[in-house]
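*Asks:* This is coords04.txt, which holds compact mmCIF, C-alpha atoms:
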# COMPACT_ATOMS: atom_id res chain seq x y z
CA MET A 182 121.61 110.71 94.04
CA LYS A 183 122.89 114.28 94.41
CA TRP A 184 120.90 116.96 92.68
CA LYS A 185 122.21 120.45 92.01
CA LEU A 186 120.01 123.41 92.93
CA LYS A 187 120.63 124.69 89.40
CA ASP A 188 119.11 121.53 87.89
CA ILE A 189 116.08 121.60 90.20
CA LEU A 190 115.36 125.24 89.34
CA MET A 191 115.84 124.63 85.61
CA ILE A 192 113.45 121.66 85.67
CA ALA A 193 110.84 123.63 87.64
CA ILE A 194 110.98 126.74 85.43
CA VAL A 195 110.94 124.68 82.23
CA GLY A 196 107.90 122.88 83.67
CA VAL A 197 106.10 126.19 84.18
CA LEU A 198 106.90 127.34 80.63
CA PHE A 199 105.69 124.08 79.08
CA SER A 200 102.47 124.47 81.06
CA PHE A 201 101.86 127.75 79.17
CA LEU A 202 102.17 125.81 75.91
CA PHE A 203 99.81 123.25 77.36
CA LEU A 204 97.16 125.88 78.10
CA GLY A 205 97.05 126.63 74.37
CA ALA A 206 96.88 122.93 73.60
CA ASN A 207 94.13 122.59 76.18
CA GLU A 208 91.93 125.02 74.25
CA LEU A 209 92.44 122.88 71.16
CA GLY A 210 91.48 119.85 73.26
CA VAL A 211 88.28 121.50 74.46
CA MET A 212 87.31 122.47 70.92
CA LEU A 213 88.02 118.98 69.57
CA THR A 214 86.12 117.41 72.47
CA ALA A 215 83.12 119.61 71.78
CA ALA A 216 83.29 118.83 68.05
CA LEU A 217 83.64 115.07 68.54
CA THR A 218 81.05 114.70 71.33
CA PRO A 219 77.95 114.43 69.09
CA ALA A 220 79.54 111.42 67.35
CA GLY A 221 80.31 109.84 70.73
CA TYR A 222 84.07 110.27 70.27
CA GLY A 223 84.46 113.20 72.71
CA PRO A 224 87.25 111.66 74.84
CA LEU A 225 89.49 111.46 71.74
CA GLY A 226 89.78 115.27 71.74
CA TYR A 227 92.09 115.30 74.72
CA GLN A 228 94.09 112.30 73.53
CA ILE A 229 95.22 114.26 70.46
CA ILE A 230 97.00 116.86 72.63
CA TYR A 231 98.14 114.42 75.32
CA GLY A 232 101.79 114.50 74.24
CA ALA A 233 102.08 118.07 75.56
CA TRP A 234 101.84 116.61 79.10
CA PHE A 235 105.08 114.64 78.79
CA MET A 236 107.16 117.25 76.93
CA ALA A 237 108.95 118.75 79.95
CA ALA A 238 110.14 115.31 81.10
CA THR A 239 111.89 114.21 77.89
CA PHE A 240 113.09 117.77 77.29
CA ALA A 241 114.85 117.97 80.68
CA THR A 242 116.23 114.42 80.40
CA TYR A 243 117.67 115.20 76.97
CA ILE A 244 119.40 118.32 78.35
CA ILE A 245 120.70 117.04 81.70
CA GLN A 246 121.28 113.44 80.47
CA LYS A 247 121.13 111.76 83.84
CA ALA A 248 119.04 108.89 85.24
CA GLY A 249 115.98 110.01 87.20
CA VAL A 250 115.51 113.43 85.56
CA GLY A 251 112.29 112.28 83.87
CA ILE A 252 110.66 111.19 87.14
CA LEU A 253 111.88 114.30 88.95
CA ALA A 254 110.59 116.58 86.18
CA GLU A 255 107.14 114.96 86.14
CA ILE A 256 106.84 115.06 89.94
CA ILE A 257 107.91 118.71 90.14
CA ALA A 258 105.47 119.55 87.33
CA ALA A 259 102.69 117.72 89.19
CA ALA A 260 103.60 119.46 92.45
CA LEU A 261 103.46 122.86 90.75
CA GLU A 262 100.17 121.91 89.15
CA THR A 263 98.71 120.85 92.51
CA MET A 264 99.84 124.10 94.10
CA MET A 265 98.40 126.19 91.31
CA GLY A 266 95.02 124.57 91.97
CA SER A 267 94.78 121.78 89.42
CA MET A 268 91.47 119.99 89.25
CA PHE A 269 93.02 116.60 89.95
CA GLY A 270 94.83 117.61 93.15
CA PRO A 271 97.04 115.04 94.88
CA SER A 272 96.27 112.31 92.36
CA ALA A 273 98.23 114.42 89.81
CA ILE A 274 101.38 113.33 91.70
CA LEU A 275 100.43 109.73 91.05
CA SER A 276 100.02 110.24 87.30
CA GLY A 277 103.21 112.34 87.29
CA LEU A 278 105.13 109.46 88.83
CA ILE A 279 103.72 106.99 86.30
CA GLN A 280 104.51 109.28 83.35
CA GLY A 281 108.01 109.86 84.72
CA VAL A 282 108.61 106.10 84.88
CA GLY A 283 107.48 105.87 81.25
CA CYS A 284 109.95 108.59 80.28
CA GLU A 285 112.81 106.84 82.11
CA LEU A 286 112.13 103.45 80.49
CA GLY A 287 112.91 104.79 77.02
CA PHE A 288 116.40 105.83 78.09
CA LEU A 289 116.92 102.82 80.35
CA VAL A 290 116.84 100.59 77.25
CA THR A 291 120.28 101.92 76.26
CA ALA A 292 121.41 102.11 79.93
CA TYR A 293 121.35 105.95 79.72
CA LYS A 294 124.16 105.94 77.14
CA LYS A 295 122.28 107.22 74.11
CA PHE A 296 120.27 110.43 74.06
CA ASN A 297 119.14 110.78 70.45
CA THR A 298 116.04 110.78 68.26
CA PHE A 299 115.61 107.04 68.72
CA THR A 300 115.61 107.04 72.53
CA MET A 301 113.48 110.21 72.61
CA ILE A 302 110.80 108.55 70.45
CA LEU A 303 111.07 105.31 72.41
CA SER A 304 110.62 107.27 75.61
CA SER A 305 107.57 109.09 74.22
CA VAL A 306 105.95 105.77 73.27
CA PHE A 307 106.56 104.39 76.78
CA CYS A 308 105.04 107.57 78.29
CA SER A 309 101.93 107.12 76.19
CA VAL A 310 101.45 103.38 76.78
CA ILE A 311 102.19 103.38 80.51
CA SER A 312 100.03 106.41 81.28
CA PHE A 313 97.23 104.80 79.27
CA ILE A 314 97.41 101.56 81.25
CA PHE A 315 97.24 103.58 84.48
CA GLU A 316 94.24 105.57 83.32
CA TYR A 317 92.54 102.42 82.11
CA TYR A 318 92.14 101.48 85.77
CA ARG A 319 91.88 104.98 87.20
CA PHE A 320 89.01 106.14 85.02
CA GLY A 321 87.54 102.69 84.40
CA TYR A 322 88.08 102.67 80.62
CA GLY A 323 87.17 98.96 80.70
CA VAL A 324 83.57 99.76 79.85
CA ASN A 325 84.68 101.13 76.45
CA THR A 326 84.65 98.95 73.33
CA LYS A 327 87.99 97.58 72.08
CA GLN A 328 87.74 99.75 69.00
CA MET A 329 87.40 102.91 71.12
CA LEU A 330 90.33 101.88 73.33
CA VAL A 331 92.59 101.26 70.33
CA LEU A 332 91.62 104.63 68.84
CA MET A 333 92.35 106.42 72.13
CA LEU A 334 95.76 104.77 72.55
CA LEU A 335 96.62 105.42 68.90
CA CYS A 336 95.77 109.14 69.13
CA ARG A 337 97.72 109.49 72.36
CA THR A 338 100.79 107.71 70.96
CA ILE A 339 100.88 109.74 67.73
CA SER A 340 100.58 112.96 69.74
CA SER A 341 103.26 111.78 72.14
CA VAL A 342 105.74 110.86 69.39
CA LEU A 343 105.26 114.20 67.62
CA LEU A 344 105.32 116.46 70.69
CA THR A 345 107.22 114.56 73.40
CA GLY A 346 109.64 112.79 71.10
CA ILE A 347 110.36 115.03 68.14
CA ALA A 348 109.33 118.60 69.10
CA SER A 349 111.06 118.42 72.51
CA LYS A 350 114.31 117.28 70.89
CA LEU A 351 114.20 119.98 68.20
CA LEU A 352 113.60 122.67 70.83
CA ALA A 353 116.51 121.46 72.98
CA ASP A 354 118.85 121.23 69.97
CA GLN A 355 117.97 124.78 68.93
CA LEU A 356 118.63 126.02 72.47
CA ALA A 357 122.00 124.28 72.51
CA ASN A 358 122.83 125.89 69.14
CA ALA A 359 121.90 129.27 70.58
CA GLY A 360 124.44 128.67 73.34
CA VAL A 361 121.97 128.75 76.21
CA LEU A 362 122.86 125.27 77.50
CA ARG A 363 126.59 125.70 78.11
CA GLY A 364 126.12 124.66 81.74
CA TYR A 365 124.45 121.35 80.81
CA LYS A 366 125.57 118.09 79.27
CA LEU A 367 123.79 118.67 75.95
CA GLY A 368 125.37 122.11 75.52
CA ILE A 369 128.84 120.80 76.39
CA LYS A 370 128.54 117.96 73.87
CA GLN A 371 127.35 120.42 71.22
CA SER A 372 130.27 122.79 71.73
CA ILE A 373 132.79 119.91 71.61
CA LYS A 374 131.26 118.84 68.29
CA LYS A 375 131.48 122.40 66.94
CA ASN A 376 135.13 122.70 67.94
CA GLU A 377 135.93 119.40 66.24
CA THR A 378 134.40 120.47 62.94
CA LYS A 379 136.24 123.79 63.22
CA GLY A 380 139.50 121.93 63.81
CA ALA A 381 138.92 119.69 60.78
CA ALA A 382 138.31 122.68 58.55
CA MET B 156 77.19 128.01 108.66
CA ARG B 157 80.60 127.67 107.03
CA ASN B 158 83.65 127.12 109.16
CA GLY B 159 87.27 126.82 108.07
CA LEU B 160 88.04 123.52 109.77
CA PHE B 161 89.19 121.75 106.60
CA ASP B 162 91.42 124.71 105.63
CA SER B 163 93.40 124.42 108.86
CA ILE B 164 94.15 120.68 108.64
CA ASN B 165 97.83 119.82 108.35
CA PRO B 166 98.61 120.09 104.58
CA SER B 167 100.84 117.00 104.27
CA MET B 168 98.38 114.82 106.17
CA LYS B 169 95.52 116.13 104.05
CA PHE B 170 97.60 115.46 100.95
CA PHE B 171 98.29 111.84 101.83
CA VAL B 172 94.75 111.08 103.01
CA ILE B 173 93.28 112.44 99.77
CA LEU B 174 95.95 110.58 97.78
CA LEU B 175 95.00 107.38 99.63
CA ALA B 176 91.33 107.99 98.83
CA SER B 177 92.25 108.51 95.14
CA ILE B 178 94.12 105.21 95.11
CA LEU B 179 91.30 103.33 96.86
CA LEU B 180 88.89 104.71 94.28
CA ILE B 181 90.82 102.87 91.53
CA PHE B 182 89.66 99.55 93.02
CA THR B 183 85.96 100.42 92.97
CA SER B 184 83.66 100.38 89.96
CA SER B 185 80.33 101.70 91.06
CA TRP B 186 78.84 104.94 89.83
CA LYS B 187 77.03 105.33 93.16
CA MET B 188 80.37 105.33 95.00
CA ASN B 189 81.76 107.88 92.52
CA LEU B 190 78.82 110.21 93.04
CA PHE B 191 79.05 109.67 96.80
CA VAL B 192 82.71 110.78 96.76
CA PHE B 193 81.82 113.84 94.70
CA ALA B 194 78.97 114.73 97.07
CA LEU B 195 81.21 114.24 100.12
CA SER B 196 83.84 116.57 98.63
CA LEU B 197 81.23 119.20 97.79
CA PHE B 198 79.75 118.97 101.28
CA LEU B 199 83.16 119.52 102.91
CA LEU B 200 84.00 122.36 100.52
CA ILE B 201 80.74 124.17 101.26
CA PHE B 202 80.39 123.65 105.00
CA PHE B 203 83.91 123.06 106.34
CA SER B 204 85.98 125.44 104.22
CA LYS B 205 85.98 129.18 103.66
CA ALA B 206 87.13 128.77 100.02
CA SER B 207 85.46 131.12 97.54
CA LEU B 208 82.49 129.32 96.03
CA LEU B 209 82.51 131.67 93.03
CA ALA B 210 86.09 130.63 92.18
CA PHE B 211 85.03 127.03 92.60
CA ILE B 212 82.11 127.39 90.19
CA LYS B 213 84.39 129.11 87.65
CA SER B 214 86.89 126.24 87.74
CA PHE B 215 84.06 123.76 87.56
CA LEU B 216 82.60 125.02 84.25
CA PRO B 217 85.16 123.33 81.92
CA VAL B 218 84.69 120.11 83.90
CA ILE B 219 81.05 119.95 82.78
CA LEU B 220 82.15 119.51 79.14
CA MET B 221 84.49 116.66 80.13
CA VAL B 222 81.71 114.95 82.06
CA VAL B 223 79.17 115.34 79.25
CA ALA B 224 81.70 114.09 76.67
CA SER B 225 82.55 110.98 78.68
CA PHE B 226 78.87 110.35 79.45
CA TYR B 227 77.85 110.53 75.81
CA SER B 228 80.85 108.53 74.64
CA GLY B 229 80.09 105.81 77.20
CA TYR B 230 76.47 105.77 76.08
CA ILE B 231 77.30 105.41 72.37
CA ASN B 232 80.57 103.48 72.42
CA GLY B 233 80.31 101.54 75.68
CA ASN B 234 81.03 97.82 75.68
CA GLN B 235 77.46 96.56 75.14
CA ALA B 236 78.29 92.96 76.02
CA GLU B 237 78.95 93.62 79.71
CA HIS B 238 77.11 96.80 80.63
CA SER B 239 73.95 98.53 79.49
CA PRO B 240 74.66 101.85 77.69
CA ILE B 241 73.39 103.93 80.59
CA ASP B 242 75.59 102.00 83.02
CA SER B 243 78.74 102.60 80.94
CA ALA B 244 77.85 106.26 80.58
CA LEU B 245 77.29 106.71 84.31
CA LEU B 246 80.46 104.80 85.25
CA LEU B 247 82.74 106.79 82.95
CA SER B 248 81.35 110.24 83.72
CA SER B 249 80.90 109.81 87.48
CA ARG B 250 84.50 108.64 87.81
CA VAL B 251 85.73 111.92 86.34
CA LEU B 252 83.51 113.80 88.81
CA ALA B 253 84.80 111.81 91.79
CA TYR B 254 88.46 112.56 90.99
CA ILE B 255 87.80 116.20 90.32
CA GLY B 256 85.83 116.48 93.56
CA LEU B 257 88.77 115.11 95.56
CA GLY B 258 91.19 117.33 93.62
CA PHE B 259 89.22 120.51 94.25
CA LEU B 260 88.71 119.54 97.89
CA PHE B 261 92.48 119.64 98.26
CA SER B 262 93.45 122.58 96.04
CA PHE B 263 90.76 124.95 97.30
CA THR B 264 91.51 124.34 100.97
CA THR B 265 95.33 124.30 100.94
CA ASN B 266 97.79 127.17 101.11
CA LYS B 267 100.75 126.42 98.83
CA LYS B 268 103.45 127.87 101.10
CA ALA B 269 102.08 125.97 104.10
CA LEU B 270 102.07 122.79 101.99
CA ILE B 271 105.75 123.13 101.04
CA MET B 272 106.83 123.99 104.60
CA SER B 273 104.77 121.13 105.97
CA LEU B 274 106.45 118.73 103.53
CA ILE B 275 109.80 119.79 105.05
CA ASP B 276 108.53 119.41 108.63
CA GLN B 277 106.45 116.24 108.35
CA CYS B 278 107.84 114.39 105.34
CA HIS B 279 111.54 115.27 105.58
CA LEU B 280 111.60 116.78 102.10
CA SER B 281 115.05 118.25 101.48
CA PRO B 282 114.99 122.08 101.66
CA LYS B 283 116.88 122.09 98.36
CA PHE B 284 113.79 120.75 96.57
CA ALA B 285 111.35 122.69 98.74
CA TYR B 286 112.95 126.09 98.22
CA GLY B 287 113.76 125.29 94.60
CA ILE B 288 110.08 124.65 93.88
CA LEU B 289 109.07 127.66 95.98
CA ALA B 290 111.44 129.88 93.97
CA ALA B 291 109.82 128.64 90.75
CA VAL B 292 106.33 129.23 92.18
CA ASN B 293 107.27 132.80 93.04
CA LEU B 294 108.65 133.28 89.51
CA ILE B 295 105.38 132.22 87.87
CA PRO B 296 103.94 135.79 87.62
CA THR B 297 107.20 137.02 86.04
CA LEU B 298 107.27 134.09 83.63
CA GLN B 299 103.65 134.76 82.74
CA ARG B 300 104.39 138.42 81.96
CA GLU B 301 107.38 137.36 79.89
CA TRP B 302 105.20 134.87 77.98
CA THR B 303 102.61 137.55 77.17
CA GLU B 304 105.32 139.98 76.04
CA VAL B 305 106.99 137.45 73.75
CA ASN B 306 103.65 136.54 72.21
CA LEU B 307 102.92 140.23 71.72
CA ALA B 308 106.32 140.74 70.06
CA TYR B 309 105.45 137.99 67.58
CA ARG B 310 102.16 139.68 66.78
CA VAL B 311 103.85 143.06 66.31
CA ARG B 312 106.07 141.44 63.70
CA ARG B 313 103.05 139.73 62.14
CA LYS B 314 104.54 136.31 62.76
CA LYS B 315 102.00 133.51 62.99
CA VAL B 316 102.04 131.68 66.32
CA GLY B 317 99.26 129.12 65.91
CA ILE B 318 97.56 127.17 68.63
CA LEU B 319 100.83 125.49 69.71
CA PRO B 320 103.15 128.51 70.05
CA PHE B 321 106.58 126.87 69.67
CA GLY B 322 108.25 130.12 68.60
CA PRO B 323 107.38 132.06 71.77
CA LEU B 324 108.14 128.93 73.80
CA PHE B 325 111.69 128.91 72.41
CA ASN B 326 112.24 132.57 73.31
CA SER B 327 110.81 132.12 76.78
CA LEU B 328 112.96 129.02 77.34
CA VAL B 329 116.10 131.03 76.52
CA ASN B 330 115.26 133.52 79.27
CA GLY B 331 113.84 130.93 81.63
CA ILE B 332 116.95 128.74 81.59
CA ARG B 333 119.22 131.77 82.09
CA TRP B 334 117.06 132.91 85.01
CA SER B 335 117.17 129.48 86.61
CA GLU B 336 120.98 129.60 86.56
CA ASN B 337 121.02 133.13 87.96
CA VAL B 338 118.49 132.39 90.71
CA ALA B 339 120.44 129.29 91.74
CA MET B 340 123.65 131.31 91.86
CA ALA B 341 121.96 134.09 93.82
CA MET B 342 120.56 131.64 96.37
CA GLU B 343 123.89 129.91 96.82
CA SER B 344 125.81 133.17 97.14
CA LYS B 345 123.46 134.13 100.00
CA GLY B 346 124.58 131.00 101.82
CA PHE B 347 121.83 128.58 100.79
CA GLU B 348 123.32 125.09 101.05
CA GLY B 349 120.16 123.03 100.92
CA ASP B 350 120.71 121.10 104.14
CA ARG B 351 118.10 120.70 106.86
CA ASN B 352 120.11 122.54 109.49
CA ARG B 353 118.69 126.04 109.04
CA THR B 354 116.00 128.35 110.35
CA TYR B 355 112.49 128.39 108.87
CA PHE B 356 110.08 131.30 108.48
CA LEU B 357 107.13 129.01 109.01
CA LYS B 358 106.87 125.87 111.14
CA ILE B 359 103.95 123.50 110.63
CA TYR B 360 102.87 121.10 113.37
CA VAL B 361 100.48 118.16 113.58
CA LYS B 362 97.46 118.72 115.85
CA PRO B 363 95.24 116.04 117.43
CA MET B 364 92.36 117.60 115.45
CA ASP B 365 94.09 116.57 112.19
CA PHE B 366 93.98 112.89 113.13
CA LEU B 367 90.39 113.11 114.31
CA PHE B 368 89.04 114.94 111.27
CA LEU B 369 90.94 112.95 108.65
CA GLY B 370 90.07 109.72 110.50
CA ILE B 371 86.39 110.57 110.26
CA PHE B 372 86.84 111.47 106.56
CA LEU B 373 88.52 108.14 105.78
CA GLY B 374 85.92 106.30 107.86
CA ILE B 375 83.04 107.81 105.86
CA PHE B 376 84.94 107.06 102.63
CA LEU B 377 85.45 103.38 103.56
CA LEU B 378 81.84 103.10 104.71
CA GLY B 379 80.81 104.41 101.29
CA MET B 380 82.98 101.75 99.63
CA ILE B 381 81.18 99.03 101.60
CA ILE B 382 77.65 100.38 101.11
CA PHE B 383 77.95 101.24 97.40
CA LYS B 384 79.85 98.12 96.39
Turn the structure described in the file into structure tokens.
*Replies:*
Amino acid sequence: MKWKLKDILMIAIVGVLFSFLFLGANELGVMLTAALTPAGYGPLGYQIIYGAWFMAATFATYIIQKAGVGILAEIIAAALETMMGSMFGPSAILSGLIQGVGCELGFLVTAYKKFNTFTMILSSVFCSVISFIFEYYRFGYGVNTKQMLVLMLLCRTISSVLLTGIASKLLADQLANAGVLRGYKLGIKQSIKKNETKGAA
Amino acid sequence: MRNGLFDSINPSMKFFVILLASILLIFTSSWKMNLFVFALSLFLLIFFSKASLLAFIKSFLPVILMVVASFYSGYINGNQAEHSPIDSALLLSSRVLAYIGLGFLFSFTTNKKALIMSLIDQCHLSPKFAYGILAAVNLIPTLQREWTEVNLAYRVRRKKVGILPFGPLFNSLVNGIRWSENVAMAMESKGFEGDRNRTYFLKIYVKPMDFLFLGIFLGIFLLGMIIFK
């Protein structure tokens, strides 16, 4: 697959910007973790903000509308994270790859033909479920009770649908409306639609 | 005495050996092994790297909360049928420590530019990706300044941003996407084609020492897996 330098740079810079949003979300996660710890539900705190991790992947896929963008976006984000001194180091690449696969699956269902609210939400659910299965083994969640596991997955999926599915799409649509995405598939589609409505009127 | 042996190991080789260790760790479930991995990472960081210990301690503080939270959660909500509460608590919290130990061992001892150049030399990464990522890395300080300014502009206008600042994110994305197009155009107009046939400002080689040191590291890791089964 041929990638354009423009696409690679856009994905990388968007990844950096979403990481700034994540830093804010991270504070929320720390506060929630601290608040929930006395009840023994501390790990739920991070699950509630987990969707912010996958945002850049669905966002970039929705804009570029090509197979493989989700995986590329997650791997570039993980590479940046590793270089900036993330606490998980090289294993961040592994979780990036897994999350990217999750993101791709949602769009693969329609053979990369439909990029709309439905596929965005589908993709966000896949991100949540697949990353959870991976972490189940990575962090040994098996010792948790079933009730705790269900709660964790539920929190992560709700967060993912809201942030990765819906918020990412709204942001991209607004950017296309503002005319920033003329060089990308989403922007081109948007301007064709605008011209059509103008022609009808 | 501290020496910088671990800092000078080939970055790609270090990357893949630590990645391999992270994957092997998935197949173990012993809190002794987890603590052993954490101790091994700490030992290497302190004695075989010149990384700033103060910076390490600073990055380690938020980790303590994560470890305490997972310990307490394992203790209260652990699956009582298979493990005793203290076992669940130790398993969950030590696993977090082991991964963070390996992560810090890599990030604190690796230079990011050397890592990228080594990925071109040893792993045949296309320069298009390598320099694309490097360009973004070099833009991070500018993006950060932009982010602070946009947030400040919101505060000047008394607009609420909240803990998830979507407004400032939108404004920064507008600039960020325009910059990415401009930077790509600038690179291409200077003759950047993204193929491997070019000169490099930094060449990274593999030394015999890399094999020896990483071999010993993996050996100790595997030994730990056998002992602390």
*Asks:* If I take atom CA of Gly229 of chain B and atom CA of Asn325 of chain A, how far is one from the other in Å, to one decimal?
*Replies:*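 Distance reported for this atom pair: 6.6 Å.
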*Asks:* If we count only C-alpha atoms, what is near Leu274 of chain B at a cut-off of 9 Å, once residues fewer than 3 positions away on the same chain are taken out, given as a ChimeraX atom specification?
*Replies:* /B:166-167,269-271,277-281,285,359
*Asks:* Can you work out which one of B:Phe198, B:Tyr360, B:Tyr309, B:Phe325 has the shortest atom-to-atom distance to chain A, counting all atoms listed in the file?
*Replies:*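 Result for the nearest residue to chain A: B:Phe325.
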*Asks:* Can you tell me, as a VMD selection string, what residues are no more than 12 Å from segment 296-305 of chain A when counting only C-alpha atoms, ignoring any on the same chain fewer than 5 positions away?
*Replies:* chain A and resid 231 to 248 251 280 to 291 310 to 312 337 to 351 353 to 354 366 to 367 370
*Asks:* Write out the residues from the selection above, keeping C-alpha atoms, as a PDB file, keeping the file's coordinate frame.
*Replies:*
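What landed in out-v8.pdb:
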ATOM      1  CA  TYR A 231      98.140 114.420  75.320  1.00  0.00           C
ATOM      2  CA  GLY A 232     101.790 114.500  74.240  1.00  0.00           C
ATOM      3  CA  ALA A 233     102.080 118.070  75.560  1.00  0.00           C
ATOM      4  CA  TRP A 234     101.840 116.610  79.100  1.00  0.00           C
ATOM      5  CA  PHE A 235     105.080 114.640  78.790  1.00  0.00           C
ATOM      6  CA  MET A 236     107.160 117.250  76.930  1.00  0.00           C
ATOM      7  CA  ALA A 237     108.950 118.750  79.950  1.00  0.00           C
ATOM      8  CA  ALA A 238     110.140 115.310  81.100  1.00  0.00           C
ATOM      9  CA  THR A 239     111.890 114.210  77.890  1.00  0.00           C
ATOM     10  CA  PHE A 240     113.090 117.770  77.290  1.00  0.00           C
ATOM     11  CA  ALA A 241     114.850 117.970  80.680  1.00  0.00           C
ATOM     12  CA  THR A 242     116.230 114.420  80.400  1.00  0.00           C
ATOM     13  CA  TYR A 243     117.670 115.200  76.970  1.00  0.00           C
ATOM     14  CA  ILE A 244     119.400 118.320  78.350  1.00  0.00           C
ATOM     15  CA  ILE A 245     120.700 117.040  81.700  1.00  0.00           C
ATOM     16  CA  GLN A 246     121.280 113.440  80.470  1.00  0.00           C
ATOM     17  CA  LYS A 247     121.130 111.760  83.840  1.00  0.00           C
ATOM     18  CA  ALA A 248     119.040 108.890  85.240  1.00  0.00           C
ATOM     19  CA  GLY A 251     112.290 112.280  83.870  1.00  0.00           C
ATOM     20  CA  GLN A 280     104.510 109.280  83.350  1.00  0.00           C
ATOM     21  CA  GLY A 281     108.010 109.860  84.720  1.00  0.00           C
ATOM     22  CA  VAL A 282     108.610 106.100  84.880  1.00  0.00           C
ATOM     23  CA  GLY A 283     107.480 105.870  81.250  1.00  0.00           C
ATOM     24  CA  CYS A 284     109.950 108.590  80.280  1.00  0.00           C
ATOM     25  CA  GLU A 285     112.810 106.840  82.110  1.00  0.00           C
ATOM     26  CA  LEU A 286     112.130 103.450  80.490  1.00  0.00           C
ATOM     27  CA  GLY A 287     112.910 104.790  77.020  1.00  0.00           C
ATOM     28  CA  PHE A 288     116.400 105.830  78.090  1.00  0.00           C
ATOM     29  CA  LEU A 289     116.920 102.820  80.350  1.00  0.00           C
ATOM     30  CA  VAL A 290     116.840 100.590  77.250  1.00  0.00           C
ATOM     31  CA  THR A 291     120.280 101.920  76.260  1.00  0.00           C
ATOM     32  CA  VAL A 310     101.450 103.380  76.780  1.00  0.00           C
ATOM     33  CA  ILE A 311     102.190 103.380  80.510  1.00  0.00           C
ATOM     34  CA  SER A 312     100.030 106.410  81.280  1.00  0.00           C
ATOM     35  CA  ARG A 337      97.720 109.490  72.360  1.00  0.00           C
ATOM     36  CA  THR A 338     100.790 107.710  70.960  1.00  0.00           C
ATOM     37  CA  ILE A 339     100.880 109.740  67.730  1.00  0.00           C
ATOM     38  CA  SER A 340     100.580 112.960  69.740  1.00  0.00           C
ATOM     39  CA  SER A 341     103.260 111.780  72.140  1.00  0.00           C
ATOM     40  CA  VAL A 342     105.740 110.860  69.390  1.00  0.00           C
ATOM     41  CA  LEU A 343     105.260 114.200  67.620  1.00  0.00           C
ATOM     42  CA  LEU A 344     105.320 116.460  70.690  1.00  0.00           C
ATOM     43  CA  THR A 345     107.220 114.560  73.400  1.00  0.00           C
ATOM     44  CA  GLY A 346     109.640 112.790  71.100  1.00  0.00           C
ATOM     45  CA  ILE A 347     110.360 115.030  68.140  1.00  0.00           C
ATOM     46  CA  ALA A 348     109.330 118.600  69.100  1.00  0.00           C
ATOM     47  CA  SER A 349     111.060 118.420  72.510  1.00  0.00           C
ATOM     48  CA  LYS A 350     114.310 117.280  70.890  1.00  0.00           C
ATOM     49  CA  LEU A 351     114.200 119.980  68.200  1.00  0.00           C
ATOM     50  CA  ALA A 353     116.510 121.460  72.980  1.00  0.00           C
ATOM     51  CA  ASP A 354     118.850 121.230  69.970  1.00  0.00           C
ATOM     52  CA  LYS A 366     125.570 118.090  79.270  1.00  0.00           C
ATOM     53  CA  LEU A 367     123.790 118.670  75.950  1.00  0.00           C
ATOM     54  CA  LYS A 370     128.540 117.960  73.870  1.00  0.00           C
TER      55      LYS A 370
END
*Asks:* Could the residues of chain B that have an atom at most 6 Å from chain A be listed as JSON lines, each with its closest atom pair and the distance in Å to one decimal, counting all atoms listed in the file and ordered by chain and ascending residue number?
*Replies:*
{"residue": "B:Leu174", "atom": "CA", "partner": "A:Pro271", "partner_atom": "CA", "distance": 5.4}
{"residue": "B:Ile181", "atom": "CA", "partner": "A:Arg319", "partner_atom": "CA", "distance": 4.9}
{"residue": "B:Ala224", "atom": "CA", "partner": "A:Gly223", "partner_atom": "CA", "distance": 4.9}
{"residue": "B:Tyr227", "atom": "CA", "partner": "A:Gly221", "partner_atom": "CA", "distance": 5.7}
{"residue": "B:Ser228", "atom": "CA", "partner": "A:Gly221", "partner_atom": "CA", "distance": 4.2}
{"residue": "B:Ile231", "atom": "CA", "partner": "A:Gly221", "partner_atom": "CA", "distance": 5.6}
{"residue": "B:Gly233", "atom": "CA", "partner": "A:Asn325", "partner_atom": "CA", "distance": 4.5}
{"residue": "B:Asn234", "atom": "CA", "partner": "A:Thr326", "partner_atom": "CA", "distance": 4.5}
{"residue": "B:Ser243", "atom": "CA", "partner": "A:Val324", "partner_atom": "CA", "distance": 5.7}
{"residue": "B:Arg250", "atom": "CA", "partner": "A:Phe320", "partner_atom": "CA", "distance": 5.9}
{"residue": "B:Ile255", "atom": "CA", "partner": "A:Phe269", "partner_atom": "CA", "distance": 5.2}
{"residue": "B:Gly258", "atom": "CA", "partner": "A:Gly270", "partner_atom": "CA", "distance": 3.7}
{"residue": "B:Phe259", "atom": "CA", "partner": "A:Met268", "partner_atom": "CA", "distance": 5.5}
{"residue": "B:Phe261", "atom": "CA", "partner": "A:Gly270", "partner_atom": "CA", "distance": 6.0}
{"residue": "B:Ser262", "atom": "CA", "partner": "A:Gly266", "partner_atom": "CA", "distance": 4.8}
{"residue": "B:Lys267", "atom": "CA", "partner": "A:Met264", "partner_atom": "CA", "distance": 5.3}
{"residue": "B:Gly287", "atom": "CA", "partner": "A:Leu190", "partner_atom": "CA", "distance": 5.5}
{"residue": "B:Ala291", "atom": "CA", "partner": "A:Ile194", "partner_atom": "CA", "distance": 5.8}
{"residue": "B:Ile318", "atom": "CA", "partner": "A:Gly205", "partner_atom": "CA", "distance": 5.8}
{"residue": "B:Ile332", "atom": "CA", "partner": "A:Met191", "partner_atom": "CA", "distance": 5.9}
{"residue": "B:Ser335", "atom": "CA", "partner": "A:Met191", "partner_atom": "CA", "distance": 5.1}
{"residue": "B:Glu336", "atom": "CA", "partner": "A:Lys187", "partner_atom": "CA", "distance": 5.7}
{"residue": "B:Ala339", "atom": "CA", "partner": "A:Lys187", "partner_atom": "CA", "distance": 5.2}
